[in-house]
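S.K.: File follows, target04.txt with compact mmCIF, C-alpha atoms:
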```
# COMPACT_ATOMS: atom_id res chain seq x y z
CA MET A 1 92.34 102.55 96.04
CA ALA A 2 93.86 103.99 99.20
CA PRO A 3 97.58 103.67 99.97
CA LEU A 4 98.36 102.27 103.41
CA ARG A 5 99.04 105.67 104.99
CA LYS A 6 95.44 106.69 104.16
CA ALA A 7 93.94 103.28 104.90
CA ILE A 8 95.28 103.41 108.49
CA ASN A 9 92.72 106.04 109.38
CA VAL A 10 91.14 106.23 112.83
CA HIS A 11 89.55 109.13 114.70
CA SER A 12 88.12 109.73 118.15
CA VAL A 13 84.47 108.69 118.61
CA PRO A 14 82.04 108.57 121.57
CA LEU A 15 82.48 105.66 123.96
CA ASP A 16 81.14 102.34 122.73
CA GLU A 17 78.28 100.94 124.80
CA THR A 18 80.52 98.12 126.01
CA ALA A 19 83.07 100.66 127.30
CA GLN A 20 80.67 102.85 129.26
CA GLY A 21 81.74 103.26 132.87
CA THR A 22 85.27 101.94 132.27
CA SER A 23 87.70 104.45 133.78
CA GLY A 24 90.01 106.20 131.33
CA THR A 25 88.72 104.41 128.24
CA GLN A 26 88.72 106.22 124.91
CA CYS A 27 87.24 104.92 121.65
CA TYR A 28 88.30 105.46 118.06
CA GLY A 29 86.52 104.56 114.86
CA GLY A 30 86.90 104.17 111.14
CA VAL A 31 86.11 101.92 108.20
CA VAL A 32 88.21 98.94 107.14
CA ASP A 33 89.67 99.70 103.70
CA PRO A 34 88.78 97.02 101.10
CA ASP A 35 92.19 97.23 99.40
CA TRP A 36 94.04 95.85 102.42
CA SER A 37 92.40 92.46 102.57
CA VAL A 38 93.15 88.83 101.80
CA GLY A 39 90.27 87.43 99.81
CA SER A 40 87.20 88.90 101.50
CA VAL A 41 88.68 89.33 104.99
CA ALA A 42 90.88 92.19 106.21
CA ASN A 43 94.59 91.38 106.46
CA GLY A 44 95.48 90.65 110.10
CA GLY A 45 98.52 92.91 110.13
CA TYR A 46 96.55 95.81 108.64
CA VAL A 47 93.83 95.44 111.28
CA LEU A 48 96.47 95.41 114.02
CA ALA A 49 97.86 98.60 112.47
CA LEU A 50 94.46 100.22 113.03
CA ILE A 51 94.56 99.20 116.69
CA LEU A 52 98.12 100.47 117.06
CA GLU A 53 97.24 103.80 115.46
CA ALA A 54 94.40 104.22 117.96
CA CYS A 55 96.80 103.48 120.81
CA ILE A 56 99.36 105.96 119.45
CA GLN A 57 96.68 108.65 119.40
CA PHE A 58 95.69 107.67 122.96
CA GLN A 59 99.32 108.14 124.07
CA SER A 60 99.97 111.34 122.09
CA SER A 61 99.81 113.64 125.13
CA THR A 62 102.05 111.47 127.34
CA THR A 63 105.80 110.97 127.65
CA HIS A 64 105.55 107.35 126.47
CA LEU A 65 105.05 107.84 122.72
CA ASP A 66 106.75 104.81 121.21
CA PRO A 67 105.17 101.36 120.89
CA ILE A 68 107.53 98.79 122.41
CA HIS A 69 105.51 95.57 122.26
CA VAL A 70 102.06 94.35 121.27
CA THR A 71 100.34 91.01 121.67
CA ALA A 72 97.07 90.40 119.85
CA HIS A 73 94.52 87.59 119.92
CA TYR A 74 92.31 87.30 116.85
CA LEU A 75 88.92 86.03 118.02
CA ARG A 76 86.91 86.55 114.83
CA PRO A 77 87.63 87.71 111.27
CA THR A 78 87.51 91.46 110.63
CA PHE A 79 85.46 92.44 107.60
CA ILE A 80 85.22 95.40 105.23
CA ALA A 81 82.94 97.46 107.45
CA PRO A 82 83.01 100.17 110.14
CA PHE A 83 84.95 99.37 113.30
CA THR A 84 85.55 100.76 116.78
CA VAL A 85 88.75 100.46 118.83
CA CYS A 86 88.39 100.96 122.58
CA VAL A 87 91.64 101.69 124.44
CA ARG A 88 91.99 101.44 128.22
CA PRO A 89 95.03 102.21 130.42
CA ILE A 90 96.14 99.35 132.68
CA LYS A 91 99.33 100.61 134.33
CA THR A 92 101.65 103.56 133.89
CA GLY A 93 105.16 103.53 135.35
CA SER A 94 108.29 105.62 134.89
CA GLY A 95 109.51 103.57 131.94
CA PHE A 96 106.47 101.92 130.40
CA THR A 97 102.72 102.26 129.95
CA ASN A 98 100.50 99.20 129.53
CA LEU A 99 97.26 99.48 127.55
CA SER A 100 94.51 97.09 126.56
CA ALA A 101 92.68 97.58 123.27
CA GLU A 102 89.75 95.86 121.61
CA LEU A 103 88.58 96.15 118.02
CA LEU A 104 84.83 95.70 117.62
CA GLN A 105 82.45 95.37 114.69
CA GLN A 106 78.68 95.28 115.18
CA GLY A 107 79.22 95.10 118.94
CA LYS A 108 81.40 91.97 118.76
CA VAL A 109 85.03 91.89 119.84
CA LYS A 110 87.15 90.83 116.89
CA ILE A 111 90.65 91.38 118.33
CA MET A 112 91.99 91.79 121.87
CA ALA A 113 95.42 93.41 122.25
CA HIS A 114 97.85 94.30 125.04
CA VAL A 115 100.20 97.13 124.06
CA ILE A 116 103.29 98.42 125.87
CA PHE A 117 104.49 101.97 125.23
CA GLY A 118 107.69 103.66 126.33
CA THR A 119 110.63 105.47 124.74
CA ASN A 120 112.52 103.50 122.10
CA ALA A 121 115.91 104.85 123.20
CA PRO A 122 118.28 104.50 126.19
CA HIS A 123 116.52 105.22 129.48
CA VAL A 124 117.94 107.78 131.94
CA ARG A 125 118.16 105.00 134.54
CA ASP A 126 120.16 102.67 132.30
CA LYS A 127 123.53 102.18 134.00
CA VAL A 128 124.96 100.00 131.23
CA ASN A 129 124.48 100.41 127.48
CA LEU A 130 123.65 96.81 126.61
CA ASN A 131 123.21 95.99 122.94
CA LEU A 132 124.15 93.50 120.24
CA ASN A 133 124.95 95.74 117.29
CA PRO A 134 127.73 95.67 114.70
CA PRO A 135 130.69 95.44 114.90
CA SER A 136 130.05 92.91 117.69
CA PRO A 137 130.68 89.40 116.34
CA TYR A 138 127.51 88.34 118.18
CA ALA A 139 125.31 90.87 116.35
CA ARG A 140 122.55 89.66 114.05
CA ARG A 141 123.25 90.85 110.51
CA HIS A 142 120.86 91.69 107.69
CA PRO A 143 119.44 88.32 106.57
CA LEU A 144 118.94 89.05 102.85
CA TYR A 145 121.61 88.03 100.34
CA THR A 146 120.74 90.32 97.42
CA HIS A 147 121.09 94.12 97.39
CA PRO A 148 117.80 95.84 96.39
CA SER A 149 119.44 97.20 93.23
CA GLU A 150 120.05 93.65 91.97
CA ALA A 151 116.80 92.02 93.15
CA ILE A 152 114.28 90.52 90.72
CA VAL A 153 110.68 91.70 91.13
CA LEU A 154 108.05 88.95 91.35
CA PRO A 155 104.22 89.05 91.23
CA LEU A 156 102.41 88.90 94.56
CA ARG A 157 99.75 86.37 95.57
CA HIS A 158 96.53 87.01 93.67
CA THR A 159 94.44 86.71 96.85
CA TRP A 160 96.20 89.76 98.31
CA LYS A 161 93.96 92.65 97.28
CA PHE A 162 96.67 95.18 98.15
CA HIS A 163 99.08 93.98 95.44
CA PRO A 164 98.66 97.16 93.30
CA HIS A 165 100.10 99.19 96.21
CA VAL A 166 103.28 97.18 96.77
CA LYS A 167 105.97 95.10 95.13
CA TRP A 168 108.41 92.45 96.30
CA THR A 169 111.42 90.52 95.07
CA GLU A 170 112.90 87.05 94.89
CA GLU A 171 115.57 85.81 97.31
CA ARG A 172 116.90 82.73 95.52
CA ASP A 173 119.58 81.96 98.09
CA ILE A 174 117.00 81.71 100.86
CA ILE A 175 114.45 79.76 98.81
CA ALA A 176 117.20 77.29 97.87
CA LYS A 177 117.45 76.31 101.54
CA ASN A 178 113.95 74.81 101.28
CA LYS A 179 114.77 72.36 98.48
CA SER A 180 114.57 68.64 99.16
CA ASP A 181 118.32 68.23 98.52
CA SER A 182 119.36 71.19 100.70
CA PRO A 183 121.79 70.57 103.60
CA ASN A 184 119.00 71.99 105.79
CA ARG A 185 117.01 68.75 105.47
CA THR A 186 117.07 66.50 108.52
CA ASN A 187 117.31 62.81 109.30
CA SER A 188 117.55 60.55 112.34
CA SER A 189 121.09 61.71 113.13
CA THR A 190 120.30 65.45 112.93
CA VAL A 191 120.37 67.51 116.13
CA GLY A 192 117.82 70.33 115.90
CA GLY A 193 117.66 71.92 112.46
CA GLY A 194 114.75 71.70 110.05
CA GLY A 195 112.10 74.23 109.11
CA LEU A 196 111.68 76.55 106.15
CA GLU A 197 112.81 80.11 105.39
CA TRP A 198 111.75 82.98 103.17
CA GLY A 199 112.81 86.57 102.46
CA THR A 200 112.15 89.54 100.20
CA TRP A 201 112.65 93.25 99.63
CA PHE A 202 109.21 94.81 100.06
CA GLU A 203 108.31 98.28 98.83
CA PHE A 204 105.29 100.56 98.88
CA VAL A 205 104.84 102.02 95.40
CA ASP A 206 103.14 105.26 96.45
CA GLU A 207 105.89 107.89 96.53
CA GLU A 208 104.38 109.62 99.57
CA GLU A 209 104.31 106.40 101.61
CA LYS A 210 106.77 105.95 104.47
CA ILE A 211 107.56 103.35 107.08
CA THR A 212 105.77 104.04 110.38
CA SER A 213 105.10 102.09 113.56
CA PRO A 214 101.56 101.17 112.42
CA SER A 215 102.84 100.09 109.00
CA LEU A 216 105.32 97.77 110.76
CA ALA A 217 102.29 95.91 112.19
CA PHE A 218 101.22 95.28 108.60
CA LEU A 219 104.71 94.39 107.40
CA VAL A 220 105.31 91.67 110.01
CA ASP A 221 102.29 89.89 108.54
CA ILE A 222 103.82 89.70 105.05
CA PHE A 223 105.48 86.36 104.28
CA LEU A 224 104.88 83.03 102.59
CA ASN A 225 103.36 80.60 105.09
CA THR A 226 105.08 77.32 105.87
CA PRO A 227 102.63 75.11 103.89
CA THR A 228 103.24 77.06 100.66
CA LEU A 229 107.03 76.78 101.03
CA LEU A 230 106.93 73.00 101.17
CA PRO A 231 107.57 70.98 97.98
CA LYS A 232 104.41 69.50 96.44
CA SER A 233 105.34 66.07 97.73
CA GLU A 234 104.98 67.38 101.30
CA ARG A 235 101.63 69.16 100.81
CA VAL A 236 99.52 66.72 98.85
CA GLY A 237 95.93 67.93 98.52
CA LEU A 238 96.65 71.54 99.51
CA THR A 239 94.69 73.94 97.29
CA THR A 240 94.50 77.75 97.35
CA SER A 241 94.49 78.45 101.06
CA TRP A 242 93.75 81.11 103.64
CA PHE A 243 96.09 81.41 106.61
CA PRO A 244 94.18 83.31 109.32
CA THR A 245 96.24 84.60 112.22
CA MET A 246 95.21 83.38 115.68
CA THR A 247 97.81 85.19 117.79
CA MET A 248 100.55 87.70 116.98
CA SER A 249 103.28 89.36 119.07
CA ILE A 250 105.48 92.22 117.86
CA GLU A 251 108.53 93.79 119.49
CA PHE A 252 109.66 97.12 118.06
CA LYS A 253 113.45 96.91 118.15
CA ASN A 254 114.86 100.20 116.84
CA LYS A 255 113.72 103.68 115.94
CA ILE A 256 112.74 104.06 112.29
CA PRO A 257 115.56 106.07 110.68
CA PRO A 258 114.62 108.96 108.38
CA PRO A 259 115.16 108.50 104.63
CA SER A 260 118.80 109.04 103.66
CA THR A 261 121.54 107.81 101.36
CA VAL A 262 121.80 104.64 103.47
CA HIS A 263 118.14 104.10 104.41
CA ALA A 264 115.22 103.92 101.98
CA GLY A 265 112.00 105.62 103.07
CA ARG A 266 109.39 103.11 101.87
CA THR A 267 111.34 99.88 101.35
CA VAL A 268 112.14 97.18 103.91
CA GLY A 269 113.77 93.77 104.04
CA LEU A 270 111.57 90.93 105.28
CA TYR A 271 112.78 87.57 106.58
CA SER A 272 110.63 84.75 107.95
CA SER A 273 111.01 81.19 109.15
CA GLY A 274 108.76 78.42 110.39
CA ARG A 275 109.67 75.18 112.14
CA PHE A 276 106.48 73.39 113.13
CA MET A 277 103.12 72.49 111.58
CA THR A 278 100.64 70.35 113.49
CA ALA A 279 96.95 69.52 113.96
CA PRO A 280 94.40 70.90 114.31
CA GLN A 281 93.75 72.82 111.07
CA GLY A 282 97.37 72.92 109.93
CA ARG A 283 98.38 75.39 112.62
CA HIS A 284 101.95 76.62 112.21
CA ASP A 285 104.39 79.06 113.76
CA VAL A 286 105.93 82.00 111.90
CA TYR A 287 108.87 84.15 112.98
CA VAL A 288 109.40 87.44 111.09
CA GLU A 289 112.05 90.18 111.03
CA VAL A 290 111.62 93.61 109.42
CA TRP A 291 114.85 95.39 108.45
CA THR A 292 115.70 98.74 106.92
CA ALA A 293 116.75 98.80 103.26
CA PRO A 294 119.81 100.59 101.82
CA SER A 295 117.90 101.73 98.72
CA ARG A 296 114.69 101.29 96.78
CA ILE A 297 114.23 98.22 94.65
CA GLY A 298 116.17 98.55 91.40
CA GLU A 299 118.08 101.62 92.59
CA GLY A 300 121.47 102.35 94.13
CA GLU A 301 124.65 100.29 94.09
CA PRO A 302 125.83 97.69 96.61
CA SER A 303 128.79 98.87 98.64
CA GLU A 304 131.06 96.30 100.26
CA ASN A 305 129.62 96.81 103.75
CA TRP A 306 126.06 97.92 102.96
CA ARG A 307 124.64 95.69 105.70
CA ASP A 308 126.57 97.54 108.44
CA ASN A 309 124.22 100.54 108.35
CA GLN A 310 120.98 98.55 108.44
CA VAL A 311 118.95 97.88 111.58
CA CYS A 312 116.16 95.54 112.57
CA LEU A 313 112.97 97.53 113.09
CA ALA A 314 110.71 94.81 114.45
CA ILE A 315 110.46 91.10 115.12
CA ALA A 316 107.24 89.12 115.37
CA THR A 317 105.86 85.68 116.01
CA GLN A 318 102.44 84.33 115.23
CA MET A 319 100.31 81.20 115.14
CA ALA A 320 98.29 80.77 111.97
CA LEU A 321 95.90 78.16 110.60
CA THR A 322 95.67 76.58 107.15
CA LEU A 323 92.12 76.70 105.77
CA PRO A 324 90.57 76.41 102.29
CA MET A 325 90.02 79.81 100.65
CA GLU A 326 86.32 78.95 100.51
CA VAL A 327 86.16 79.42 104.29
CA ASN A 328 87.35 83.01 103.86
CA GLU A 329 84.63 83.70 101.29
CA LYS A 330 81.93 81.95 103.32
CA LYS A 331 82.65 84.00 106.43
CA ALA A 332 82.47 87.21 104.39
CA ARG A 333 79.08 86.21 102.93
CA GLU A 334 77.75 85.43 106.39
CA SER A 335 78.94 88.83 107.63
CA ASN A 336 77.39 90.71 104.69
CA SER A 337 74.04 88.99 105.28
CA LYS A 338 73.97 90.48 108.79
CA LEU A 339 74.76 94.06 107.73
```
Take the structure from the file and write it as structure tokens.
M.R.:
Amino acid sequence: MAPLRKAINVHSVPLDETAQGTSGTQCYGGVVDPDWSVGSVANGGYVLALILEACIQFQSSTTHLDPIHVTAHYLRPTFIAPFTVCVRPIKTGSGFTNLSAELLQQGKVKIMAHVIFGTNAPHVRDKVNLNLNPPSPYARRHPLYTHPSEAIVLPLRHTWKFHPHVKWTEERDIIAKNKSDSPNRTNSSTVGGGGLEWGTWFEFVDEEEKITSPSLAFLVDIFLNTPTLLPKSERVGLTTSWFPTMTMSIEFKNKIPPPSTVHAGRTVGLYSSGRFMTAPQGRHDVYVEVWTAPSRIGEGEPSENWRDNQVCLAIATQMALTLPMEVNEKKARESNSKL
């Protein structure tokens, strides 16, 4: 059972046949870790972390070391098997570098990604320091209500194979917003509004784990999907489901602060919301924020202004489907039969 820091393991390999003759391309390889899967298919955020790690290694000898943004399209499920990531430079400027990356298994492209690198800090050409940080009254504040020291730990979904490596908590104040009698419910006189919300403190249990840029790609894919947040009356017939990601975009907002008395090293706050769910296949949108945490779960004490020192590390959006869990298992069986 590998912790995430060991499961995000890629190394340089010879060029894949599909990348031969492509100028500047480098390939990286590894094996998808079975612990970081949902059912029988690799977790989408974990697989994107593998791609991001390959891109970070590609950029390691340049001046643009920090991932700024990534957009990924998931063409096929990624299975517990060897993989190759081929990274190609598209454009390099003074402030940003654009890369394309593809993850392949058995010669088939599973994920296509566009990654932007730069320096996650003020640029020398910035003439104005524009930001929306506290104490500005327009600044976004930490969205969780409960301090980690007072949070109640809950079991994770049984289909998440990585549950022995992590733990999360309950955010009752946020979940209450989803109730049928909540003021958040809408009617014919409502302007805007609607949707569902969710939040948690999320912690890696391995003491040597730490939050990294690749692990943020995994973390933005941790949430309860819109269909599962609905009351039973609104999801009649829904059984144990798989929510495969079709597209995902991540923006890395702030540098990851080192562990300190005000920032935990392997704990984050997660907040998500979803507003729409439509045909086909129960596709739905998800918006996610990843925030620093003031302490580990069950530790520390809440100070009056504990939120003031916390920063948003990443935001993400994705489109996901709602499929029976049997589809997940069937696709894995079909893949294994071809190995």
S.K.: To one decimal place in Å, what is the distance between atom CA of A:Ser100 and atom CA of A:Asp66?
M.R.: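 Between atom CA of A:Ser100 and atom CA of A:Asp66 the gap works out to 15.4 Å.
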S.K.: Go through stretch 234-334 of chain A and flag each residue having an atom no more than 10 Å from stretch 114-127 of chain A; for those, report the closest pair of atoms plus their distance in Å to one decimal, using all atoms listed in the file, ordered by chain and rising number, as a Markdown table.
M.R.:
```
| residue | atom | partner | partner_atom | distance |
| --- | --- | --- | --- | --- |
| A:Ser249 | CA | A:His114 | CA | 9.5 |
| A:Ile250 | CA | A:Val115 | CA | 9.5 |
| A:Glu251 | CA | A:Ile116 | CA | 9.5 |
| A:Phe252 | CA | A:Asn120 | CA | 8.1 |
| A:Lys253 | CA | A:Asn120 | CA | 7.7 |
| A:Asn254 | CA | A:Asn120 | CA | 6.6 |
| A:Lys255 | CA | A:Asn120 | CA | 6.3 |
| A:Ile256 | CA | A:Asn120 | CA | 9.8 |
```
S.K.: Around the point (107.7, 76.7, 103.3), in the coordinates given by the file, pick out the residues reaching within 8 Å, counting only C-alpha atoms, and return them as a PyMOL selection string.
M.R.: chain A and resi 178+195-198+224-231+274
S.K.: If you count all atoms listed in the file, which residues fall within 8 Å of stretch 283-289 of chain A, apart from same-chain ones fewer than 5 positions away, as a PyMOL selection string?
M.R.: chain A and resi 220-221+223+225-226+270-278+312-322
S.K.: When you draw a straight line from atom CA of A:Lys177 to atom CA of A:Arg140, how long is it in Å?
M.R.: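 These two atoms are separated by 19.0 Å.
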S.K.: Could you work out how far atom CA of A:Ala113 lies from atom CA of A:Arg88, giving the answer in Å with one decimal?
M.R.: 10.6 Å
S.K.: Give the answer as one residue: which of A:Glu53, A:Asp173, A:Asp33, A:Glu334 has the shortest atom-to-atom distance to A:Pro82, using all atoms listed in the file?
M.R.: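 Closest to A:Pro82 of all the choices is A:Asp33.
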S.K.: Check the smallest atom-to-atom distance from each of A:Pro134, A:Val32, A:Thr71, A:Lys6 to A:Asp206 using only C-alpha atoms, then report the winner.
M.R.: A:Lys6
S.K.: For A:Pro135, work out the shell of residues within 12 Å, counting all atoms listed in the file and skipping chain neighbours fewer than 2 positions away, then give it as a list in words.
M.R.: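 After dropping sequence-adjacent residues, the list is Asn131, Leu132, Asn133, Pro137, Tyr138, Ala139, Arg140, Arg141, Asn305, Arg307, Asp308 and Asn309 of chain A.
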S.K.: My list of candidates is A:Lys110, A:Lys91, A:Arg172, A:Lys331. Which is closest to A:Trp242 when distances are computed with all atoms listed in the file?
M.R.: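 Of A:Lys110, A:Lys91, A:Arg172, A:Lys331, the one nearest A:Trp242, counting all atoms listed in the file, is A:Lys331.
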S.K.: Using all atoms listed in the file, which residues of stretch 49-149 of chain A come within 12 Å of stretch 35-40 of chain A, and what is the closest atom pair for each, with the distance in Å to one decimal? Give it as a tab-separated table, sorted by chain and residue number.
M.R.:
```
residue	atom	partner	partner_atom	distance
A:Ala49	CA	A:Trp36	CA	11.1
A:Leu50	CA	A:Trp36	CA	11.5
A:Pro77	CA	A:Ser40	CA	9.9
A:Thr78	CA	A:Ser37	CA	9.5
A:Phe79	CA	A:Ser40	CA	7.3
A:Ile80	CA	A:Ser40	CA	7.8
A:Ala81	CA	A:Ser40	CA	11.3
```
S.K.: Set the distance at 9 Å and use all atoms listed in the file: which residues neighbour A:Thr240 once local chain neighbours fewer than 3 positions away are removed? I'd like the list as a list in words.
M.R.: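 So, after excluding close chain neighbours, the residues are Thr159, Leu323, Pro324, Met325 and Glu326 of chain A.
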S.K.: Of the candidates A:Thr200, A:Ser94, A:Ser180, A:Thr22, which shows the shortest atom-to-atom distance to A:Tyr145, using only C-alpha atoms?
M.R.: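 Closest to A:Tyr145 of all the choices is A:Thr200.
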S.K.: So, with all atoms listed in the file as the atoms that count, which of A:Ser136, A:Arg266, A:Ile68, A:Gly45 lies closest to A:Glu208?
M.R.: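 Closest to A:Glu208 of all the choices is A:Arg266.
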S.K.: Given the point (121.8, 97.3, 89.5) in the coordinates of this file, which residues lie within 7 Å, counting only C-alpha atoms, and how would they look as a list in words?
M.R.: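 It turns out the residues near that spot are Ser149, Glu150, Gly298, Glu299, Gly300 and Glu301 of chain A.
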S.K.: Can you tell me, as a PDB file with C-alpha atoms, in the frame of the given file, what residues are no more than 10 Å from A:Val109 when counting only C-alpha atoms, ignoring any on the same chain fewer than 2 positions away?
M.R.:
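The resulting part_8.pdb:
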```pdb
ATOM      1  CA  THR A  18      80.520  98.120 126.010  1.00  0.00           C
ATOM      2  CA  TYR A  74      92.310  87.300 116.850  1.00  0.00           C
ATOM      3  CA  LEU A  75      88.920  86.030 118.020  1.00  0.00           C
ATOM      4  CA  ARG A  76      86.910  86.550 114.830  1.00  0.00           C
ATOM      5  CA  PRO A  77      87.630  87.710 111.270  1.00  0.00           C
ATOM      6  CA  THR A  78      87.510  91.460 110.630  1.00  0.00           C
ATOM      7  CA  PHE A  83      84.950  99.370 113.300  1.00  0.00           C
ATOM      8  CA  THR A  84      85.550 100.760 116.780  1.00  0.00           C
ATOM      9  CA  VAL A  85      88.750 100.460 118.830  1.00  0.00           C
ATOM     10  CA  GLU A 102      89.750  95.860 121.610  1.00  0.00           C
ATOM     11  CA  LEU A 103      88.580  96.150 118.020  1.00  0.00           C
ATOM     12  CA  LEU A 104      84.830  95.700 117.620  1.00  0.00           C
ATOM     13  CA  GLN A 105      82.450  95.370 114.690  1.00  0.00           C
ATOM     14  CA  GLN A 106      78.680  95.280 115.180  1.00  0.00           C
ATOM     15  CA  GLY A 107      79.220  95.100 118.940  1.00  0.00           C
ATOM     16  CA  ILE A 111      90.650  91.380 118.330  1.00  0.00           C
ATOM     17  CA  MET A 112      91.990  91.790 121.870  1.00  0.00           C
TER      18      MET A 112
END
```
S.K.: From the options A:His64, A:Leu156, A:Tyr28, A:Asn129, which residue's atoms come nearest to A:Ala101, counting only C-alpha atoms?
M.R.: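 Looking only at the distances to A:Ala101, the closest residue turns out to be A:Tyr28.
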